[in-house]
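**Student:** The file below is coords-v3.cif, mmCIF, C-alpha atoms and all ligand atoms:
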```cif
data_coords
loop_
_atom_site.label_atom_id
_atom_site.label_comp_id
_atom_site.auth_asym_id
_atom_site.auth_seq_id
_atom_site.Cartn_x
_atom_site.Cartn_y
_atom_site.Cartn_z
CA MET I 1 0.00 0.00 0.00
CA GLU I 2 1.10 3.56 -0.69
CA VAL I 3 0.23 6.14 1.93
CA PRO I 4 1.16 9.69 0.97
CA PHE I 5 2.15 12.15 3.67
CA ILE I 6 -0.68 14.40 2.54
CA ASP I 7 -3.41 13.89 -0.04
CA PHE I 8 -5.78 16.78 -0.58
CA SER I 9 -7.57 15.36 -3.62
CA GLN I 10 -10.81 14.67 -1.70
CA GLN I 11 -10.73 18.15 -0.21
CA TYR I 12 -10.46 19.56 -3.70
CA GLN I 13 -13.43 17.53 -4.97
CA ILE I 14 -15.55 18.85 -2.08
CA ILE I 15 -14.83 22.54 -2.76
CA LYS I 16 -14.34 22.32 -6.53
CA GLU I 17 -17.71 23.62 -7.68
CA GLU I 18 -17.77 26.40 -5.15
CA ILE I 19 -14.33 27.69 -6.02
CA ASP I 20 -14.93 27.31 -9.77
CA VAL I 21 -17.81 29.76 -9.45
CA GLY I 22 -15.88 32.10 -7.16
CA LEU I 23 -12.73 32.11 -9.29
CA LYS I 24 -14.68 32.68 -12.49
CA SER I 25 -16.23 35.74 -10.93
CA VAL I 26 -12.80 37.08 -9.88
CA PHE I 27 -11.40 36.42 -13.35
CA GLU I 28 -14.30 38.09 -15.09
CA ARG I 29 -14.14 41.18 -12.91
CA GLY I 30 -10.34 41.28 -12.83
CA ALA I 31 -10.45 41.96 -9.09
CA PHE I 32 -7.10 40.30 -8.43
CA ILE I 33 -5.56 42.56 -5.79
CA LEU I 34 -7.48 43.25 -2.56
CA GLY I 35 -10.78 42.41 -4.19
CA GLN I 36 -14.01 42.10 -2.24
CA GLU I 37 -13.49 38.36 -1.65
CA GLU I 38 -10.17 39.12 0.04
CA LYS I 39 -11.76 41.71 2.32
CA ASP I 40 -14.63 39.38 3.15
CA PHE I 41 -12.25 36.57 3.97
CA GLU I 42 -10.22 38.80 6.30
CA LEU I 43 -13.35 39.52 8.29
CA ASP I 44 -14.54 35.90 8.23
CA PHE I 45 -11.21 34.58 9.40
CA ALA I 46 -10.85 37.19 12.15
CA ARG I 47 -14.35 36.28 13.38
CA TYR I 48 -13.46 32.62 13.24
CA CYS I 49 -10.57 33.44 15.59
CA ASP I 50 -12.80 35.53 17.89
CA ALA I 51 -10.73 38.57 16.99
CA SER I 52 -11.68 41.97 15.59
CA TYR I 53 -9.29 42.42 12.69
CA GLY I 54 -7.64 40.31 10.02
CA ILE I 55 -5.02 41.59 7.60
CA GLY I 56 -4.26 39.28 4.68
CA VAL I 57 -0.61 39.04 3.68
CA ASN I 58 1.42 36.92 1.29
CA SER I 59 2.79 34.34 3.74
CA GLY I 60 3.04 33.31 7.37
CA THR I 61 6.62 34.54 7.38
CA ASP I 62 5.51 38.00 6.31
CA ALA I 63 2.68 37.94 8.85
CA LEU I 64 5.32 37.49 11.57
CA TYR I 65 7.68 40.07 10.12
CA LEU I 66 4.98 42.71 9.68
CA ALA I 67 3.54 41.95 13.12
CA LEU I 68 6.94 42.77 14.63
CA GLY I 69 6.94 45.94 12.53
CA CYS I 70 3.56 46.89 13.98
CA ILE I 71 5.06 47.00 17.47
CA ASP I 72 8.31 48.67 16.32
CA VAL I 73 10.71 45.81 17.01
CA GLY I 74 14.15 46.69 15.68
CA PRO I 75 17.92 46.71 16.32
CA GLY I 76 18.80 46.47 20.01
CA ASP I 77 15.61 44.61 20.89
CA GLU I 78 15.37 40.97 21.88
CA VAL I 79 12.57 38.62 20.92
CA ILE I 80 12.20 35.29 22.74
CA LEU I 81 11.08 32.20 20.84
CA PRO I 82 11.38 28.42 21.06
CA SER I 83 14.30 26.88 19.18
CA PHE I 84 12.17 23.93 18.14
CA THR I 85 10.11 25.49 15.36
CA PHE I 86 10.12 26.17 11.65
CA ILE I 87 12.97 28.61 10.97
CA ALA I 88 10.60 31.38 9.78
CA THR I 89 9.73 32.14 13.42
CA ALA I 90 13.34 33.24 13.91
CA LEU I 91 13.97 34.69 10.44
CA CYS I 92 11.25 37.30 10.90
CA VAL I 93 13.05 38.55 14.03
CA SER I 94 16.36 38.71 12.20
CA TYR I 95 14.79 40.69 9.32
CA THR I 96 13.93 43.47 11.79
CA GLY I 97 17.52 43.70 13.06
CA ALA I 98 16.46 42.51 16.53
CA THR I 99 18.10 39.50 18.20
CA PRO I 100 16.23 36.21 18.40
CA VAL I 101 16.70 34.60 21.82
CA PHE I 102 16.17 30.86 21.59
CA VAL I 103 14.72 29.01 24.56
CA ASP I 104 13.79 25.41 25.23
CA ILE I 105 10.47 23.61 24.96
CA GLU I 106 8.39 21.37 27.21
CA GLU I 107 8.94 17.69 26.55
CA GLU I 108 5.21 16.94 26.72
CA THR I 109 3.81 19.48 24.28
CA TYR I 110 6.92 20.47 22.26
CA ASN I 111 5.91 24.09 22.90
CA ILE I 112 7.88 26.90 24.55
CA ASP I 113 8.57 26.22 28.24
CA PRO I 114 7.24 29.20 30.26
CA GLU I 115 10.03 28.71 32.84
CA ARG I 116 12.71 29.04 30.17
CA PHE I 117 10.93 32.10 28.80
CA LYS I 118 10.99 33.63 32.29
CA GLU I 119 14.74 33.05 32.63
CA ALA I 120 15.49 34.60 29.26
CA VAL I 121 13.71 37.90 29.86
CA THR I 122 15.99 40.96 30.01
CA ASP I 123 15.43 44.71 29.87
CA LYS I 124 15.76 44.44 26.11
CA THR I 125 12.98 41.87 25.65
CA LYS I 126 10.34 43.44 23.47
CA ALA I 127 8.27 40.44 22.44
CA VAL I 128 7.82 36.71 22.82
CA ILE I 129 6.64 34.42 20.03
CA PRO I 130 5.05 31.25 21.38
CA VAL I 131 4.54 28.73 18.58
CA HIS I 132 1.50 26.45 18.75
CA LEU I 133 3.45 23.57 17.29
CA TYR I 134 1.75 20.80 15.29
CA GLY I 135 -1.65 22.26 16.18
CA GLN I 136 -1.64 22.39 19.99
CA PRO I 137 -1.59 25.80 21.73
CA ALA I 138 1.36 26.74 23.92
CA ASP I 139 0.90 27.40 27.65
CA MET I 140 -0.45 30.89 27.06
CA LYS I 141 -1.64 31.66 30.59
CA GLU I 142 1.84 31.51 32.09
CA ILE I 143 3.36 33.35 29.17
CA ALA I 144 0.74 36.11 29.09
CA ALA I 145 1.00 36.72 32.84
CA LEU I 146 4.75 37.23 32.77
CA ALA I 147 4.63 39.22 29.55
CA LYS I 148 2.08 41.60 31.02
CA ASP I 149 4.24 42.20 34.11
CA ARG I 150 7.22 43.12 31.99
CA ASN I 151 5.39 44.94 29.20
CA ILE I 152 6.41 42.31 26.64
CA LYS I 153 4.17 41.83 23.60
CA VAL I 154 2.92 38.34 22.85
CA ILE I 155 2.84 37.36 19.18
CA GLU I 156 1.29 33.96 18.54
CA ASP I 157 2.88 31.94 15.77
CA ALA I 158 -0.36 30.20 14.86
CA ALA I 159 0.89 28.96 11.48
CA GLN I 160 0.07 25.35 12.42
CA SER I 161 -2.98 25.73 14.61
CA HIS I 162 -5.99 27.21 12.79
CA GLY I 163 -9.01 26.48 14.97
CA ALA I 164 -7.26 25.12 18.08
CA THR I 165 -8.40 26.37 21.49
CA TYR I 166 -6.88 27.11 24.88
CA ASN I 167 -9.23 27.30 27.88
CA GLY I 168 -12.07 27.54 25.40
CA LYS I 169 -10.51 30.51 23.59
CA LYS I 170 -9.49 30.35 19.97
CA VAL I 171 -5.91 30.53 18.85
CA GLY I 172 -5.55 33.97 17.28
CA SER I 173 -7.12 35.67 20.29
CA LEU I 174 -4.63 34.56 22.94
CA GLY I 175 -1.98 37.26 22.64
CA ASP I 176 -1.53 40.79 21.30
CA ILE I 177 -1.15 39.72 17.67
CA ALA I 178 -1.45 36.34 15.96
CA CYS I 179 0.15 35.22 12.73
CA PHE I 180 -1.22 32.54 10.46
CA SER I 181 0.16 30.82 7.39
CA PHE I 182 -1.98 29.49 4.55
CA TYR I 183 0.86 27.52 2.97
CA PRO I 184 -0.82 24.58 1.19
CA THR I 185 0.05 21.95 3.79
CA LYS I 186 -1.21 23.95 6.78
CA GLY I 187 -4.55 23.11 8.38
CA LEU I 188 -6.12 25.88 6.31
CA GLY I 189 -4.11 25.93 3.11
CA ALA I 190 -4.32 28.05 -0.02
CA PHE I 191 -3.42 26.96 -3.56
CA GLY I 192 -0.15 28.85 -3.16
CA ASP I 193 1.31 31.15 -0.50
CA GLY I 194 -0.70 33.25 1.88
CA GLY I 195 -0.94 34.39 5.48
CA MET I 196 -2.83 36.60 7.89
CA ILE I 197 -2.25 38.88 10.85
CA VAL I 198 -5.08 38.75 13.38
CA THR I 199 -5.54 41.18 16.26
CA ASP I 200 -7.98 43.02 18.50
CA ASN I 201 -5.80 46.11 18.52
CA LYS I 202 -6.98 48.86 16.16
CA GLU I 203 -3.56 50.53 16.00
CA VAL I 204 -1.91 47.26 15.01
CA ASN I 205 -4.60 46.71 12.42
CA ASP I 206 -4.13 50.14 10.90
CA LYS I 207 -0.36 49.84 10.77
CA ALA I 208 -0.46 46.31 9.37
CA PHE I 209 -2.77 47.47 6.57
CA MET I 210 -0.21 50.07 5.57
CA LEU I 211 2.84 47.84 6.02
CA ARG I 212 1.44 45.17 3.72
CA ASP I 213 0.51 47.67 1.01
CA CYS I 214 3.47 49.96 0.32
CA GLY I 215 2.82 52.08 3.40
CA ARG I 216 -0.13 53.73 1.76
CA LYS I 217 -2.90 55.48 3.62
CA ASP I 218 -4.70 56.29 0.43
CA SER I 219 -4.05 55.31 -3.18
CA TYR I 220 -0.80 57.31 -3.66
CA ASP I 221 -0.42 58.79 -0.20
CA HIS I 222 2.42 56.77 1.39
CA VAL I 223 2.97 57.62 5.06
CA ILE I 224 5.41 54.86 6.06
CA LYS I 225 7.92 52.66 4.22
CA GLY I 226 5.76 49.62 3.73
CA PHE I 227 6.14 46.45 1.72
CA ASN I 228 4.26 44.61 -0.98
CA SER I 229 2.75 41.70 0.91
CA ARG I 230 -0.89 41.16 0.06
CA LEU I 231 -3.12 38.12 0.03
CA ASP I 232 -4.36 37.46 -3.52
CA THR I 233 -8.11 37.53 -4.09
CA VAL I 234 -7.79 34.20 -5.89
CA GLN I 235 -6.37 32.61 -2.74
CA ALA I 236 -9.08 34.20 -0.62
CA VAL I 237 -11.72 32.43 -2.73
CA VAL I 238 -10.06 29.07 -2.06
CA LEU I 239 -9.54 29.83 1.62
CA ALA I 240 -13.12 30.99 2.16
CA ALA I 241 -14.43 27.70 0.79
CA LYS I 242 -12.09 25.73 3.04
CA LEU I 243 -12.78 27.86 6.11
CA LYS I 244 -16.44 26.81 6.02
CA ARG I 245 -15.30 23.21 6.39
CA LEU I 246 -12.35 23.72 8.71
CA ASP I 247 -14.06 22.64 11.94
CA GLU I 248 -15.36 19.49 10.28
CA TRP I 249 -11.91 18.71 8.86
CA ASN I 250 -10.25 19.39 12.20
CA LYS I 251 -12.67 16.89 13.75
CA LYS I 252 -11.64 14.32 11.15
CA ARG I 253 -7.98 14.98 11.95
CA ASN I 254 -8.75 14.39 15.63
CA LYS I 255 -10.48 11.10 14.85
CA ILE I 256 -7.49 9.93 12.85
CA ALA I 257 -5.16 11.03 15.64
CA ALA I 258 -7.22 9.05 18.15
CA ILE I 259 -7.01 5.92 15.99
CA TYR I 260 -3.26 6.39 15.60
CA SER I 261 -2.78 6.77 19.35
CA ASP I 262 -4.94 3.76 20.05
CA LEU I 263 -3.12 1.51 17.59
CA LEU I 264 0.32 2.69 18.73
CA LYS I 265 -0.22 2.81 22.48
CA ASP I 266 1.12 -0.63 23.30
CA ILE I 267 4.26 -0.38 21.17
CA ASP I 268 7.29 0.14 23.37
CA ASN I 269 9.40 3.12 22.46
CA VAL I 270 6.73 5.04 20.56
CA VAL I 271 5.73 8.29 22.24
CA CYS I 272 2.37 9.59 21.01
CA PRO I 273 1.20 13.21 21.27
CA ILE I 274 -0.18 14.35 24.61
CA ILE I 275 -3.16 16.70 24.53
CA LYS I 276 -3.30 18.95 27.60
CA GLU I 277 -6.68 19.11 29.33
CA ASP I 278 -7.12 22.84 28.91
CA ARG I 279 -6.51 22.71 25.13
CA THR I 280 -7.76 21.29 21.88
CA HIS I 281 -5.32 20.08 19.26
CA VAL I 282 -5.98 20.36 15.52
CA PHE I 283 -3.30 17.88 14.43
CA GLN I 284 -1.95 19.71 11.47
CA THR I 285 0.89 17.28 12.10
CA PHE I 286 0.74 13.92 13.87
CA ALA I 287 4.24 13.50 15.25
CA VAL I 288 5.48 10.57 17.33
CA ARG I 289 8.85 9.95 18.91
CA VAL I 290 10.97 6.88 18.25
CA LYS I 291 14.53 5.79 18.95
CA ASN I 292 16.83 5.44 15.91
CA ARG I 293 14.52 7.81 14.11
CA ASP I 294 16.53 8.07 10.88
CA LYS I 295 16.55 4.30 10.42
CA VAL I 296 12.83 4.10 11.12
CA LEU I 297 12.24 6.94 8.66
CA GLU I 298 14.04 5.09 5.86
CA ALA I 299 12.26 1.81 6.62
CA MET I 300 8.87 3.54 6.57
CA LYS I 301 9.66 5.12 3.21
CA LYS I 302 10.60 1.70 1.83
CA LYS I 303 7.14 0.50 2.78
CA GLY I 304 5.58 3.25 0.68
CA ILE I 305 4.69 5.55 3.56
CA GLY I 306 5.18 9.29 3.34
CA VAL I 307 6.97 10.35 6.50
CA LEU I 308 8.77 13.60 7.27
CA VAL I 309 10.71 15.16 10.13
CA HIS I 310 9.49 18.45 11.61
CA TYR I 311 12.21 19.44 12.41
CA PRO I 312 15.55 17.61 12.33
CA ILE I 313 17.69 20.60 13.39
CA PRO I 314 16.59 23.07 16.06
CA VAL I 315 17.00 26.66 14.91
CA HIS I 316 19.87 27.51 17.29
CA LEU I 317 21.98 24.84 15.55
CA GLN I 318 21.08 25.85 11.98
CA GLY I 319 23.90 27.12 9.78
CA ALA I 320 21.92 30.30 9.23
CA TYR I 321 22.43 31.14 12.91
CA SER I 322 26.00 29.91 13.31
CA GLU I 323 27.20 33.44 14.07
CA MET I 324 25.36 33.28 17.39
CA GLY I 325 27.77 30.61 18.61
CA TYR I 326 25.28 28.11 20.00
CA LYS I 327 26.60 24.58 20.36
CA LYS I 328 25.14 21.13 20.89
CA GLY I 329 23.80 20.73 24.40
CA ASP I 330 22.81 24.39 24.83
CA ILE I 331 19.07 23.78 24.40
CA PRO I 332 18.79 20.11 25.34
CA VAL I 333 15.09 19.25 25.15
CA SER I 334 14.76 20.77 21.68
CA GLU I 335 17.82 18.83 20.54
CA LYS I 336 16.52 15.56 21.96
CA ILE I 337 13.10 15.96 20.34
CA ALA I 338 14.70 16.92 17.01
CA ASP I 339 16.55 13.58 17.10
CA GLU I 340 13.47 11.49 17.87
CA ILE I 341 10.49 13.16 16.23
CA LEU I 342 8.77 11.63 13.20
CA SER I 343 5.71 13.01 11.40
CA LEU I 344 3.29 10.34 10.17
CA PRO I 345 0.82 10.81 7.29
CA MET I 346 -2.09 13.06 8.30
CA PHE I 347 -4.90 14.62 6.29
CA PRO I 348 -8.62 14.93 7.01
CA HIS I 349 -9.75 12.31 4.51
CA MET I 350 -7.17 9.69 5.39
CA LYS I 351 -8.72 6.22 5.37
CA ILE I 352 -8.71 3.96 8.40
CA GLU I 353 -6.96 1.24 6.36
CA GLN I 354 -4.20 3.73 5.64
CA VAL I 355 -3.81 4.53 9.35
CA GLU I 356 -3.76 0.81 10.10
CA TYR I 357 -1.11 0.18 7.48
CA VAL I 358 1.10 2.95 8.87
CA CYS I 359 0.75 1.63 12.42
CA GLY I 360 1.27 -2.00 11.38
CA SER I 361 4.39 -1.04 9.46
CA LEU I 362 5.80 0.93 12.37
CA ARG I 363 5.14 -2.01 14.68
CA GLU I 364 6.97 -4.37 12.31
CA ILE I 365 9.93 -2.02 11.90
CA LEU I 366 10.34 -1.53 15.63
CA ALA I 367 9.98 -5.26 16.43
C1 LIG P 401 4.72 27.47 8.00
C2 LIG P 401 5.23 28.16 9.19
C3 LIG P 401 5.66 29.50 9.16
C4 LIG P 401 5.83 30.26 7.88
O1 LIG P 401 4.72 30.32 7.06
P1 LIG P 401 4.91 30.52 5.47
O2 LIG P 401 3.51 30.79 5.01
O3 LIG P 401 5.48 29.27 4.93
O4 LIG P 401 5.79 31.69 5.28
C5 LIG P 401 6.03 30.09 10.33
N1 LIG P 401 6.01 29.43 11.50
C6 LIG P 401 5.61 28.14 11.58
C7 LIG P 401 5.60 27.47 12.90
C8 LIG P 401 5.24 27.46 10.42
O5 LIG P 401 4.86 26.18 10.52
#
```
Represent the structure from my file as structure tokens, please.
**Tutor:**
Amino acid sequence: MEVPFIDFSQQYQIIKEEIDVGLKSVFERGAFILGQEEKDFELDFARYCDASYGIGVNSGTDALYLALGCIDVGPGDEVILPSFTFIATALCVSYTGATPVFVDIEEETYNIDPERFKEAVTDKTKAVIPVHLYGQPADMKEIAALAKDRNIKVIEDAAQSHGATYNGKKVGSLGDIACFSFYPTKGLGAFGDGGMIVTDNKEVNDKAFMLRDCGRKDSYDHVIKGFNSRLDTVQAVVLAAKLKRLDEWNKKRNKIAAIYSDLLKDIDNVVCPIIKEDRTHVFQTFAVRVKNRDKVLEAMKKKGIGVLVHYPIPVHLQGAYSEMGYKKGDIPVSEKIADEILSLPMFPHMKIEQVEYVCGSLREILA
């Protein structure tokens, strides 16, 4: 049996007619840039997140970069983030000229450890970026409390967690600003690149609108040095159709995750995801931990199973950050998880037989 890492063909069949109509309308009207569908989707997505404002941008990376711009992060500032994340979380800090300060994660959730955040705070700390990795929110209560005390802004990296909740509150409404990615493989994925900044803060909203559109206040009235980072209307049509089904698809992901966990629970040396009681997980990624991960990875591939590693190298050990002088052992939990983590196939319309085949294969390989 072949089990791809992701297969969105069923998703496409479900939304096909709806997006055909929507795209035709965009094409006929030529409303490609910031068309009505884009504006409508911004509002719909912000509402979905229980937030007031949504600003569509061209990627999750830009959402993070522009969010930092909205709160004037720049040279001399420090921004704290987990080392175990996709590198974009750190790159956006570097783009501003500020210093990324890498801290360790919790072994249970793979999210930023509030204690390590606390230790890393200095007078220069301007912001913290908790990442809701794989689809489970970080421990936002602890982080928000400390951040408030020290006047540190909280920017959620919600690129992997569309629709997840923490104490009943939606991701996107848990900090000062939230940043989403609509990269195709994310829980809510476009047919290309896209992203969104979500916030309740009117000033952030107003600045983000200008930053993403050449700093313009009005058509040729440019009041700040902005960028060109807009969400295409065409992508908004696709995203709007998927947003309507997101809760249903997240439920399907949870069902698949439950089957995985059930079938894997008695295998020694496989660590399944732990969902904290005060949170819901959306399982953009279903990641387990195994010993000899690289060997297991190769053996799974040989059996026709699409497996990936998110992420094999924590950011503090990436070549791109070599100038910071981190060495192995500096951020131990992140390094350990990076050695053991393995992402199994996961998509809403995955068949039970496919899940069974993946689990059976893993059992055989580990035996
Ligand atoms: C995908 C991702 C990003 C970047 O989003 P892009 O749309 O690919 O630029 C940032 N942070 C995390 C955690 C991600 O998974």
**Student:** Select, from I:Val282, I:Ile267, I:Val101, I:Ile87, the residue with the minimum atom-to-atom distance to Leu188 in chain I, counting all atoms listed in the file.
**Tutor:**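 Among I:Val282, I:Ile267, I:Val101, I:Ile87, it is I:Val282 that comes nearest to Leu188 in chain I.
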**Student:** Which protein, DNA or RNA residues have an atom within 10 Å of ligand LIG 401 (chain P), counting only C-alpha atoms and all ligand atoms, as an MDAnalysis selection string?
**Tutor:** chainID I and resid 57:65 84:92 129:135 156:161 179:186 189:190 192:196 284:285 310
**Student:** Can you tell me, as AutoDock Vina command-line options, the centre and edge lengths (Å, one decimal) of the axis-aligned box enclosing all of range 240-258 of chain I's listed atoms after padding each side by 5 Å?
**Tutor:**
```
--center_x -10.8 --center_y 20.0 --center_z 9.5 --size_x 21.3 --size_y 31.9 --size_z 27.4
```
**Student:** Neighbouring residues of Asp206 in chain I were defined as those with any atom within 12 Å, considering all atoms listed in the file; residues of the same chain fewer than 2 positions away were excluded. Please report them as a list in words.
**Tutor:**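 Skipping anything fewer than 2 positions along the chain leaves Tyr53, Gly54, Ile55, Leu66, Ala67, Gly69, Cys70, Ile71, Ile197, Val198, Thr199, Asp200, Asn201, Lys202, Glu203, Val204, Ala208, Phe209, Met210, Leu211, Arg212, Asp213, Gly215, Arg216, Lys217, Val223 and Ile224 of chain I.
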**Student:** CA of Arg150 in chain I and CA of Thr165 in chain I, how far apart in Å?
**Tutor:**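 Taking CA of Thr165 in chain I and CA of Arg150 in chain I, their separation equals 25.2 Å.
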**Student:** Give the answer as one residue: which of I:Pro100, I:Gly360, I:Gly304, I:Gly172 has the shortest atom-to-atom distance to Met324 in chain I, using all atoms listed in the file?
**Tutor:**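 Looking at the shortest contact to Met324 in chain I, the residue is I:Pro100.
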**Student:** One number please: CA of Ile152 in chain I to CA of Val128 in chain I, in Å, one decimal.
**Tutor:** 6.9 Å
**Student:** Could you check the closest approach to Ile331 in chain I for each of I:Phe102, I:Trp249, I:Phe286, I:Tyr220 and tell me which residue wins, using all atoms listed in the file?
**Tutor:**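 Closest residue, counting all atoms listed in the file: I:Phe102.
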**Student:** What's the 8 Å shell around Ala241 in chain I, counting only C-alpha atoms, without same-chain residues fewer than 4 positions away, as a list in words?
**Tutor:**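 Result of the neighbour search: Ile15, Glu18, Ile19, Val237 and Arg245 of chain I.
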**Student:** Would you compute the distance between CA of Tyr95 in chain I and CA of Gly226 in chain I? Give it in Å to one decimal.
**Tutor:**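 These two atoms are separated by 13.9 Å.
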**Student:** Just the residues within 9 Å of Asp104 in chain I, please, counting only C-alpha atoms, with nothing from its chain fewer than 3 positions along; format it as a PyMOL selection string.
**Tutor:** chain I and resi 81-84+110-113+116-117+331-334
**Student:** Please write the residues from the selection above to a file, keeping C-alpha atoms, as a tab-separated table (two decimals), in the coordinates of the input.
**Tutor:**
```
chain	number	residue	atom	x	y	z
I	81	LEU	CA	11.08	32.20	20.84
I	82	PRO	CA	11.38	28.42	21.06
I	83	SER	CA	14.30	26.88	19.18
I	84	PHE	CA	12.17	23.93	18.14
I	110	TYR	CA	6.92	20.47	22.26
I	111	ASN	CA	5.91	24.09	22.90
I	112	ILE	CA	7.88	26.90	24.55
I	113	ASP	CA	8.57	26.22	28.24
I	116	ARG	CA	12.71	29.04	30.17
I	117	PHE	CA	10.93	32.10	28.80
I	331	ILE	CA	19.07	23.78	24.40
I	332	PRO	CA	18.79	20.11	25.34
I	333	VAL	CA	15.09	19.25	25.15
I	334	SER	CA	14.76	20.77	21.68
```
**Student:** List as a short mmCIF file (atom, residue, chain, number, x, y, z; two decimals) with C-alpha atoms, keeping the file's coordinate frame the protein and nucleic acid residues near Gln36 in chain I, meaning an atom at most 10 Å away when all atoms listed in the file are counted, but skip any in the same chain fewer than 6 places from it.
**Tutor:**
```cif
data_model
loop_
_atom_site.label_atom_id
_atom_site.label_comp_id
_atom_site.auth_asym_id
_atom_site.auth_seq_id
_atom_site.Cartn_x
_atom_site.Cartn_y
_atom_site.Cartn_z
CA VAL I 26 -12.80 37.08 -9.88
CA GLU I 42 -10.22 38.80 6.30
CA THR I 233 -8.11 37.53 -4.09
CA ALA I 236 -9.08 34.20 -0.62
CA VAL I 237 -11.72 32.43 -2.73
#
```
**Student:** Would you mind listing what lies within 12 Å of range 122-126 of chain I as a list of chain:residue names, with all atoms listed in the file counted and same-chain residues fewer than 4 positions away left out?
**Tutor:**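 The contact residues come out as I:Leu68, I:Gly69, I:Ile71, I:Asp72, I:Val73, I:Gly74, I:Pro75, I:Gly76, I:Asp77, I:Glu78, I:Val79, I:Ile80, I:Leu81, I:Val93, I:Ala98, I:Thr99, I:Pro100, I:Val101, I:Phe117, I:Lys118, I:Leu146, I:Ala147, I:Lys148, I:Arg150, I:Asn151, I:Ile152, I:Lys153, I:Val154, I:Ile155.
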**Student:** When distances are computed from all atoms listed in the file, which of I:Glu28, I:Glu248, I:Asp44, I:Glu298 shows the smallest separation from His349 in chain I?
**Tutor:**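 Looking at the shortest contact to His349 in chain I, the residue is I:Glu248.
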**Student:** How would range 23-27 of chain I read, as a short mmCIF file (atom, residue, chain, number, x, y, z; two decimals), in the frame of the given file, once all heavy atoms are built in?
**Tutor:**
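Heads up, here's the output in result_27.cif:
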```
data_model
loop_
_atom_site.label_atom_id
_atom_site.label_comp_id
_atom_site.auth_asym_id
_atom_site.auth_seq_id
_atom_site.Cartn_x
_atom_site.Cartn_y
_atom_site.Cartn_z
N LEU I 23 -13.90 31.69 -8.50
CA LEU I 23 -12.73 32.11 -9.29
C LEU I 23 -13.16 32.73 -10.61
O LEU I 23 -12.61 33.73 -11.04
CB LEU I 23 -11.81 30.91 -9.54
CG LEU I 23 -11.08 30.38 -8.30
CD1 LEU I 23 -10.29 29.11 -8.62
CD2 LEU I 23 -10.16 31.43 -7.70
N LYS I 24 -14.19 32.14 -11.22
CA LYS I 24 -14.68 32.68 -12.49
C LYS I 24 -15.10 34.14 -12.30
O LYS I 24 -14.79 35.01 -13.12
CB LYS I 24 -15.86 31.82 -12.97
CG LYS I 24 -16.34 32.14 -14.37
CD LYS I 24 -17.20 30.98 -14.92
CE LYS I 24 -17.82 31.34 -16.24
NZ LYS I 24 -19.10 32.07 -16.09
N SER I 25 -15.77 34.38 -11.22
CA SER I 25 -16.23 35.74 -10.93
C SER I 25 -15.04 36.69 -10.76
O SER I 25 -15.05 37.80 -11.28
CB SER I 25 -17.10 35.71 -9.67
OG SER I 25 -17.30 37.00 -9.19
N VAL I 26 -14.00 36.24 -10.04
CA VAL I 26 -12.80 37.08 -9.88
C VAL I 26 -12.15 37.33 -11.24
O VAL I 26 -11.79 38.47 -11.57
CB VAL I 26 -11.79 36.42 -8.91
CG1 VAL I 26 -10.48 37.21 -8.87
CG2 VAL I 26 -12.37 36.29 -7.52
N PHE I 27 -12.05 36.28 -12.04
CA PHE I 27 -11.40 36.42 -13.35
C PHE I 27 -12.17 37.38 -14.25
O PHE I 27 -11.60 38.20 -14.95
CB PHE I 27 -11.26 35.05 -14.05
CG PHE I 27 -10.40 34.06 -13.29
CD1 PHE I 27 -10.55 32.69 -13.49
CD2 PHE I 27 -9.44 34.50 -12.39
CE1 PHE I 27 -9.76 31.78 -12.81
CE2 PHE I 27 -8.66 33.59 -11.69
CZ PHE I 27 -8.82 32.23 -11.90
#
```
